[in-house]
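What follows is a set of notes on a single structure, which appears directly below.
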Amino acid sequence: MNNFSETTKQYLKSDSSLFIDGKRCTATGEEITPVINACNGKHIYSLRDASNSDVDAAVAAARSAFNSGWKTMGPEQRAGLMLEFARLIDEHSEALSELESLECATPISISVSTIRYWCAAFIRYYAGWVDKIQGDTIPGAPFLYPDNQFLAYTKYEPVGVVAAITPWNAPVAMLILKLGPALASGCSLVIKPAEITPLTAIYVAELALKAGIPAGVVNIVQGKGETVGQYLSGHTGIDKISFTGSTAVGKRIVIAATGNLKKVSLELGGKSPFVIFPDANLEDAVPAAAMACFFLSGQNCMAATRLYVHESIHGEVIKVLTNIAEAMESGDALNPKTQLGPLISEKQRQQVHAKVEKAVEAGGVLLTGGKIPEGPGFYYPPTLIDNTEVSMDIVQQEVFGPVLAITTFGDDIEALITDINSTIYGLSGSVWTKDINKALKMVDAIDSGQVGINSHAALIPGVPFGGNKQSGWGREFGYEGLLPYLKIKAVTIKY
């Protein structure tokens, strides 16, 4: 840790358990959660879980802040605070990047580019929406009320107190995803980050407070999903849940939310297809396929873990793809040269490896990877499995590791579309071809929240992101990402 900035060193000496009503405080729960450096398996931090009373205090603080002026703050002032928040994220990007790479083993080059060039931009984008949240005027119906005059209009109001439950695979970006639209709409938040990546959350919350966002608007509680997350999801003081994580946990959150019928938005799992037609520019398509699968070691929901390659180019594609996979440099997350970090835990690595072994037993051909390396850390090599079929688990299930299932297709496009749409997921995907007609037909046919053409669905702040089927409810990003944090009120005036 000697290579860390002084800001990071000082932060690691502090207690990062809770942040409630603008202050750090110590959790009162009984359980202790260890934070492990996935690059070497060593213990780096101990976290005391929040108790139910801690969560109650955070929810009360969020409600008080919401009611005492945050929800009615003028748009110019709110946007100004958000812009200052974005500036501070820029200013503190070095420490945030170091903490993120330490807690979840994201290669530092990726942490830096995401936090420095994307997170602040995302907050600025939503700051631009604050003074554009507006309703409509609605014409009357004189044939129903011929003797009266009516004016009807709609207005949007913040939904209230939001519980934001975020995952471990990109801790800072996931916090920002929730904060941007929630702050812009006038909501207050209680955020529960993943228990294995707790270091960055309070840092971000303190930057929001430093920017002038009132105490109690952003609160952090820490702890396990099955205890703290479950209690927060069922809390009657919460008006909305915004969750990013697995489909299985998303279903449990829906059940927990039924007590007071709180609003729920879910960004869940994926099994994204990457389709290469014979006329595609392979110099672009094949490296993009590798990046789409292996980015964050495959630990992201939109990872393209199903590669569909036309039979006429199959041999050429897998040759280049194998060379790329074997040349990728794995190593410590804090090494700027590292392209592929470890998986988040030994448990995750064993689950990934078991799925690879099962695929090979079912007839898949292992081209490269597929073996647990010796030495410290939870590394797993980029793995290519050829000759996969739609019935295999490796094609149907989310792996959350650097494993690419390769399937060959012929000229029966309808059969290809059927295979692509066979999974329970529908989050992302891409089609690679120079034929725009073919590309647009594929876009229309693929049941997914977003599909790229010669690009794997870039994450641009203004473009809505979210899934169909069991990949989630609702959308994030763009104007569509603002709507889940708002409720509409219709007003009718007789004059």
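Here, A, B, ... name the chains of the structure tokens in the order displayed, residue numbers run from 1 inside each chain, and ligands are numbered from 1 in the same displayed order.
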(message) For the strand (DSSP E or B) assignment from backbone DSSP, which residues of segment 257-408 of chain A qualify? Please present them as an NGL selection string.
(response) :A and (263-267 or 273-276 or 306-310 or 330 or 340 or 365-368 or 383-386 or 403-408)
List the neighbours of segment 261-276 of chain A out to 6 Å using only C-alpha atoms; skip same-chain residues closer than 4 positions along the sequence, and give me the result as a PDB file with C-alpha atoms, in the first residue's frame.
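Result written to part02.pdb:
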```pdb
ATOM      1  CA  ASP A 239     -40.762   4.588  -1.168  1.00  0.00           C
ATOM      2  CA  LYS A 240     -38.653   2.993  -3.899  1.00  0.00           C
ATOM      3  CA  ILE A 241     -35.924   0.398  -4.357  1.00  0.00           C
ATOM      4  CA  SER A 242     -33.318   0.643  -7.081  1.00  0.00           C
ATOM      5  CA  PHE A 243     -31.331  -2.591  -7.283  1.00  0.00           C
ATOM      6  CA  THR A 244     -28.478  -3.777  -9.461  1.00  0.00           C
ATOM      7  CA  GLY A 245     -27.402  -7.376  -9.059  1.00  0.00           C
ATOM      8  CA  SER A 246     -28.372 -10.952  -9.784  1.00  0.00           C
ATOM      9  CA  THR A 247     -31.762 -12.062 -11.044  1.00  0.00           C
ATOM     10  CA  ALA A 257     -41.178  -4.731  -1.441  1.00  0.00           C
ATOM     11  CA  CYS A 301     -24.031  -7.927 -16.554  1.00  0.00           C
ATOM     12  CA  MET A 302     -23.724  -6.927 -20.212  1.00  0.00           C
ATOM     13  CA  ALA A 304     -21.006 -10.809 -24.348  1.00  0.00           C
ATOM     14  CA  ARG A 306     -22.256 -16.009 -26.248  1.00  0.00           C
ATOM     15  CA  LEU A 307     -20.401 -15.689 -29.540  1.00  0.00           C
ATOM     16  CA  TYR A 308     -22.281 -16.683 -32.689  1.00  0.00           C
ATOM     17  CA  VAL A 309     -19.927 -17.040 -35.686  1.00  0.00           C
ATOM     18  CA  GLU A 398     -24.816 -16.295 -16.537  1.00  0.00           C
ATOM     19  CA  TYR A 425     -32.173 -12.879 -20.211  1.00  0.00           C
ATOM     20  CA  LEU A 427     -30.055  -7.206 -21.473  1.00  0.00           C
ATOM     21  CA  SER A 428     -27.609  -6.433 -24.260  1.00  0.00           C
ATOM     22  CA  GLY A 429     -26.064  -7.751 -27.457  1.00  0.00           C
ATOM     23  CA  SER A 430     -24.509  -6.784 -30.762  1.00  0.00           C
ATOM     24  CA  VAL A 431     -24.549  -7.636 -34.458  1.00  0.00           C
ATOM     25  CA  TRP A 432     -21.490  -7.280 -36.693  1.00  0.00           C
ATOM     26  CA  SER A 471     -32.842  -9.041 -16.988  1.00  0.00           C
ATOM     27  CA  GLY A 472     -34.834  -6.468 -15.096  1.00  0.00           C
ATOM     28  CA  TRP A 473     -37.545  -3.852 -14.745  1.00  0.00           C
ATOM     29  CA  GLY A 474     -37.207  -0.294 -15.971  1.00  0.00           C
TER      30      GLY A 474
END
```
(request) Considering only C-alpha atoms, return as an NGL selection string whatever protein or nucleic-acid residues lie within 10 Å of Asp284 of chain A, sequence-local ones (same chain, fewer than 4 positions apart) excluded. (result) :A and (280 or 288-289 or 432 or 454-455)
Generate a file of the selected residues that holds N, CA and C atoms, formatted as a JSON list (two decimals), in the first residue's frame.
```json
[["chain", "number", "residue", "atom", "x", "y", "z"],
["A", 280, "ALA", "N", -18.61, -9.17, -41.98],
["A", 280, "ALA", "CA", -18.17, -8.22, -40.95],
["A", 280, "ALA", "C", -16.70, -7.87, -41.12],
["A", 288, "ALA", "N", -13.16, -6.81, -30.53],
["A", 288, "ALA", "CA", -14.32, -6.31, -29.78],
["A", 288, "ALA", "C", -15.03, -7.45, -29.06],
["A", 289, "ALA", "N", -15.08, -8.62, -29.69],
["A", 289, "ALA", "CA", -15.68, -9.79, -29.04],
["A", 289, "ALA", "C", -14.91, -10.18, -27.79],
["A", 432, "TRP", "N", -22.63, -7.80, -35.94],
["A", 432, "TRP", "CA", -21.49, -7.28, -36.69],
["A", 432, "TRP", "C", -21.62, -7.69, -38.15],
["A", 454, "ASN", "N", -22.21, -3.21, -34.96],
["A", 454, "ASN", "CA", -20.76, -2.98, -35.05],
["A", 454, "ASN", "C", -20.22, -2.23, -33.83],
["A", 455, "SER", "N", -20.89, -2.41, -32.71],
["A", 455, "SER", "CA", -20.48, -1.85, -31.42],
["A", 455, "SER", "C", -21.29, -2.57, -30.36]]
```
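Nearest-residue note for Val159 of chain A: choosing from A:Leu183, A:Ala333, A:Ala38, A:Leu459, the minimum distance belongs to A:Leu183, counting only C-alpha atoms.
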(request) Do a neighbour search on Ala211 of chain A at 10 Å with only C-alpha atoms, toss out local chain neighbours closer than 6 positions, and write the hits as a count of residues only. (result) 11
(request) Record the distance separating atom CA of Asp56 of chain A and atom CA of Glu31 of chain A, expressed in Å with one decimal. (result) 17.6 Å
